[in-house]
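A.B. asks: Let me give you the structure first, and then I'll get to my questions.
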Amino acid sequence: MVPIDNLIKNLREVPDENFVCDYVYDLLMANPVDVGTIERFFFWSDKFYTRNLIYKDDRFEMMAICWEPGQVSRVHNHADQMCWMTVPVGKLKGQNFAVAEMDETRGYCKLVETDTFDLADCLAAKVELEEPIHQILNLAEFGGRAASLHIYSKPFDACLSYCRDTDTFKEVKLCYTSIDGKLCDGITL
């Protein structure tokens with residue numbers, strides 16, 4: 001187990017040409033984070049999952065996302081950016097989607113479910129750019145809170161969100177719940 005500061009240092013030292021899916025994935029698998037070093041970034045809400053920024057530079061950002069039982073993300077993409085995640089606390093499920101039909105002029109997008117993946121015990125996962133649409137779920141049957149560690153390269157502040165009930169999509173702005181262990185202005189949990 002490595003302290004979060006060591007993981008950040010290791011990521012900062014990766015040359016640009018190696019900051020790719022498999023290399024960073026292998027780095028995360030070889031360096032499971034010590035939960036005690038990220039607990040100060042954990043903020044929980046029974047209303048929504050929380051996005052807690054740990055580190056950000058021009059090349060990547062890292063955040064802890066905290067999930068109460070039953071909380072799920074929107075179906076979304078990562079704005080053509082790479083993503084890696086691990087789950088040092090609890091268990092999560094990921095559901096990937098493929099585009100079956102799309103008409104951008106109407107904001108129409110029909111998705112089909114593809115593969116799923118489970119995350120627990122600091123196992124790493126990556127969101128492939130070939131199939132970037134997914135959803136993360138803390139299923140009630142998992143029986144507890146979960147905290148996931150996400151790395152995005154490059155940082156982004158908006159992504160596409162998909163509604164499967166209406167087969168539509170739209171761009172949504174993203175915000176943080178906390179930055180460096182402090183709640184952001186206007187956030188109440």
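Order determines the names: the first chain of the structure tokens is A, the second B, and so forth; residues in each chain are numbered 1 upward, and ligands are numbered 1 upward as they are shown.
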Could you produce a table of the residues of stretch 1-109 of chain A lying within 9 Å of stretch 131-150 of chain A, with the nearest pair of atoms per residue and their separation in Å rounded to one decimal, using only C-alpha atoms, ordered by chain and increasing residue number, as a tab-separated table?
C.D. replies:
residue	atom	partner	partner_atom	distance
A:Val33	CA	A:Leu149	CA	9.0
A:Phe42	CA	A:Ala147	CA	7.6
A:Trp44	CA	A:Arg145	CA	8.9
A:Glu61	CA	A:His150	CA	8.1
A:Met62	CA	A:His150	CA	5.5
A:Met63	CA	A:His150	CA	5.3
A:Ala64	CA	A:Leu149	CA	4.6
A:Ile65	CA	A:Ser148	CA	5.2
A:Cys66	CA	A:Ala147	CA	4.5
A:Trp67	CA	A:Ala146	CA	5.1
A:Glu68	CA	A:Arg145	CA	4.7
A:Pro69	CA	A:Ala140	CA	5.0
A:Gly70	CA	A:Ala140	CA	4.4
A:Gln71	CA	A:Asn138	CA	5.5
A:Val72	CA	A:Leu137	CA	4.3
A:Ser73	CA	A:Ile136	CA	5.4
A:Arg74	CA	A:Gln135	CA	6.1
A:Val75	CA	A:Gln135	CA	4.6
A:His76	CA	A:Ile133	CA	5.4
A:Asn77	CA	A:Ile133	CA	4.6
A:His78	CA	A:Pro132	CA	6.8
A:Ala79	CA	A:Pro132	CA	8.7
A:Asp80	CA	A:Pro132	CA	7.6
A:Gln81	CA	A:Pro132	CA	8.8
A:Met82	CA	A:Pro132	CA	8.8
A:Cys83	CA	A:His150	CA	6.9
A:Trp84	CA	A:His150	CA	5.7
A:Met85	CA	A:His150	CA	4.4
A:Thr86	CA	A:Leu149	CA	5.3
A:Val87	CA	A:Ser148	CA	4.3
A:Pro88	CA	A:Ser148	CA	6.3
A:Val89	CA	A:Ala147	CA	5.0
A:Gly90	CA	A:Ala146	CA	4.2
A:Lys91	CA	A:Ala146	CA	5.9
A:Leu92	CA	A:Asn138	CA	4.9
A:Lys93	CA	A:Leu137	CA	5.1
A:Gly94	CA	A:Ile136	CA	4.6
A:Gln95	CA	A:Gln135	CA	5.2
A:Asn96	CA	A:His134	CA	4.3
A:Phe97	CA	A:Ile133	CA	5.3
A:Ala98	CA	A:Glu131	CA	6.3
A:Val99	CA	A:Ile133	CA	8.4
A.B. asks: For A:Leu28, please output as a short mmCIF file (atom, residue, chain, number, x, y, z; two decimals) with N, CA and C atoms, in the first residue's frame all residues within 7 Å (counting only C-alpha atoms; exclusion window: fewer than 4 positions along the same chain).
C.D. replies:
data_model
loop_
_atom_site.label_atom_id
_atom_site.label_comp_id
_atom_site.auth_asym_id
_atom_site.auth_seq_id
_atom_site.Cartn_x
_atom_site.Cartn_y
_atom_site.Cartn_z
N VAL A 24 -0.51 3.44 -17.26
CA VAL A 24 -1.07 3.98 -16.00
C VAL A 24 -1.86 2.91 -15.27
N PRO A 32 -1.38 -0.02 -4.95
CA PRO A 32 -2.68 0.22 -4.31
C PRO A 32 -2.53 1.29 -3.22
N ALA A 124 -7.74 -2.20 -10.33
CA ALA A 124 -7.84 -1.04 -11.22
C ALA A 124 -8.70 -1.38 -12.43
#
A.B. asks: Which is closest to A:Met1 among A:Glu101, A:Asp167, A:Asp121, A:Asp57, if we use only C-alpha atoms?
C.D. replies: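 Under the stated criterion, the closest residue is A:Asp121.
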A.B. asks: Per DSSP on the backbone, filter stretch 2-159 of chain A down to the residues in helix (DSSP H, G or I) and report them as a VMD selection string.
C.D. replies: chain A and resid 4 to 12 16 to 18 21 to 30 35 to 37 39 to 41 104 to 106 140 to 142
A.B. asks: As a VMD selection string, which residues of stretch 53-179 of chain A does DSSP assign to strand (DSSP E)?
C.D. replies: chain A and resid 53 to 56 61 to 67 75 to 76 82 to 89 91 to 103 108 to 120 124 to 127 133 to 137 146 to 153 158 to 163 168 to 173 178 to 179
A.B. asks: Could you check which of A:Glu13, A:Asp180, A:Glu171, A:Asp5 is closest to A:Ile54, using only C-alpha atoms?
C.D. replies: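 Once distances to A:Ile54 are computed over only C-alpha atoms, the minimum belongs to A:Asp180.
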A.B. asks: Which residues are close to stretch 14-20 of chain A, i.e. within 12 Å by only C-alpha atoms, leaving aside same-chain residues fewer than 2 positions away? Reply as a list in words.
C.D. replies: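 The contact residues come out as Leu7, Ile8, Lys9, Asn10, Leu11, Arg12, Asp22, Tyr23, Val24, Tyr25, Asp26, Leu27, Asp58, Arg59, Phe60, Gln81, Met82, Cys83, Trp84, Lys126, Val127, Glu128, Leu129, Ile151, Tyr152, Ser153 and Lys154 of chain A.
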A.B. asks: Once you have the residues from the selection above, write them out as an mmCIF file, in the first residue's frame, restricted to C-alpha atoms.
C.D. replies:
data_model
loop_
_atom_site.group_PDB
_atom_site.id
_atom_site.type_symbol
_atom_site.label_atom_id
_atom_site.label_comp_id
_atom_site.auth_asym_id
_atom_site.auth_seq_id
_atom_site.Cartn_x
_atom_site.Cartn_y
_atom_site.Cartn_z
ATOM 1 C CA LEU A 7 1.022 7.737 -6.093
ATOM 2 C CA ILE A 8 0.670 11.340 -7.264
ATOM 3 C CA LYS A 9 4.467 11.684 -7.401
ATOM 4 C CA ASN A 10 4.732 8.468 -9.422
ATOM 5 C CA LEU A 11 2.075 9.690 -11.864
ATOM 6 C CA ARG A 12 3.750 13.084 -12.243
ATOM 7 C CA ASP A 22 -2.053 0.354 -20.188
ATOM 8 C CA TYR A 23 0.970 2.022 -18.575
ATOM 9 C CA VAL A 24 -1.070 3.984 -16.005
ATOM 10 C CA TYR A 25 -3.310 0.962 -15.415
ATOM 11 C CA ASP A 26 -0.245 -1.149 -14.575
ATOM 12 C CA LEU A 27 1.071 1.603 -12.296
ATOM 13 C CA ASP A 58 -2.479 20.358 -16.827
ATOM 14 C CA ARG A 59 -2.021 16.653 -17.560
ATOM 15 C CA PHE A 60 -4.289 14.857 -15.078
ATOM 16 C CA GLN A 81 -10.196 11.795 -22.137
ATOM 17 C CA MET A 82 -8.609 8.722 -20.563
ATOM 18 C CA CYS A 83 -9.815 7.452 -17.189
ATOM 19 C CA TRP A 84 -8.559 4.967 -14.631
ATOM 20 C CA LYS A 126 -9.764 1.774 -17.264
ATOM 21 C CA VAL A 127 -12.326 3.394 -19.519
ATOM 22 C CA GLU A 128 -11.360 2.603 -23.082
ATOM 23 C CA LEU A 129 -11.605 5.430 -25.604
ATOM 24 C CA ILE A 151 -7.682 9.671 -12.553
ATOM 25 C CA TYR A 152 -8.615 11.630 -15.675
ATOM 26 C CA SER A 153 -6.181 12.711 -18.354
ATOM 27 C CA LYS A 154 -6.597 15.456 -19.278
#
A.B. asks: Enter the distance from atom CA of A:Ala30 to atom CA of A:Asn6, in Å, rounded to one decimal.
C.D. replies: 12.3 Å
A.B. asks: Of the residues A:Thr116, A:Thr105, A:Thr168, A:Thr177, which is the one nearest to A:Thr50, using only C-alpha atoms?
C.D. replies: A:Thr177
A.B. asks: To one decimal place in Å, what is the distance between atom CA of A:Phe169 and atom CA of A:Arg51?
C.D. replies: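 These atoms are spaced 21.5 Å apart.
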A.B. asks: Which residues are near A:Asp157? Cut-off 9 Å, only C-alpha atoms, ignore same chain within fewer than 5 positions. Put them as a PyMOL selection string.
C.D. replies: chain A and resi 79+172-175
A.B. asks: Just the number, please: distance in Å from atom CA of A:Leu111 to atom CA of A:Ala158, one decimal.
C.D. replies: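 Going from atom CA of A:Leu111 over to atom CA of A:Ala158, I get 20.0 Å.
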A.B. asks: Choose the residue, out of A:Lys170, A:Arg164, A:Arg40, A:Lys47, that has the smallest atom-to-atom separation from A:Glu104; count only C-alpha atoms.
C.D. replies: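 Result for the nearest residue to A:Glu104: A:Lys170.
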A.B. asks: Measuring between only C-alpha atoms, which one of A:Cys21, A:Asn52, A:Thr37, A:Pro3 shows the shortest distance to A:Ser178?
C.D. replies: A:Asn52
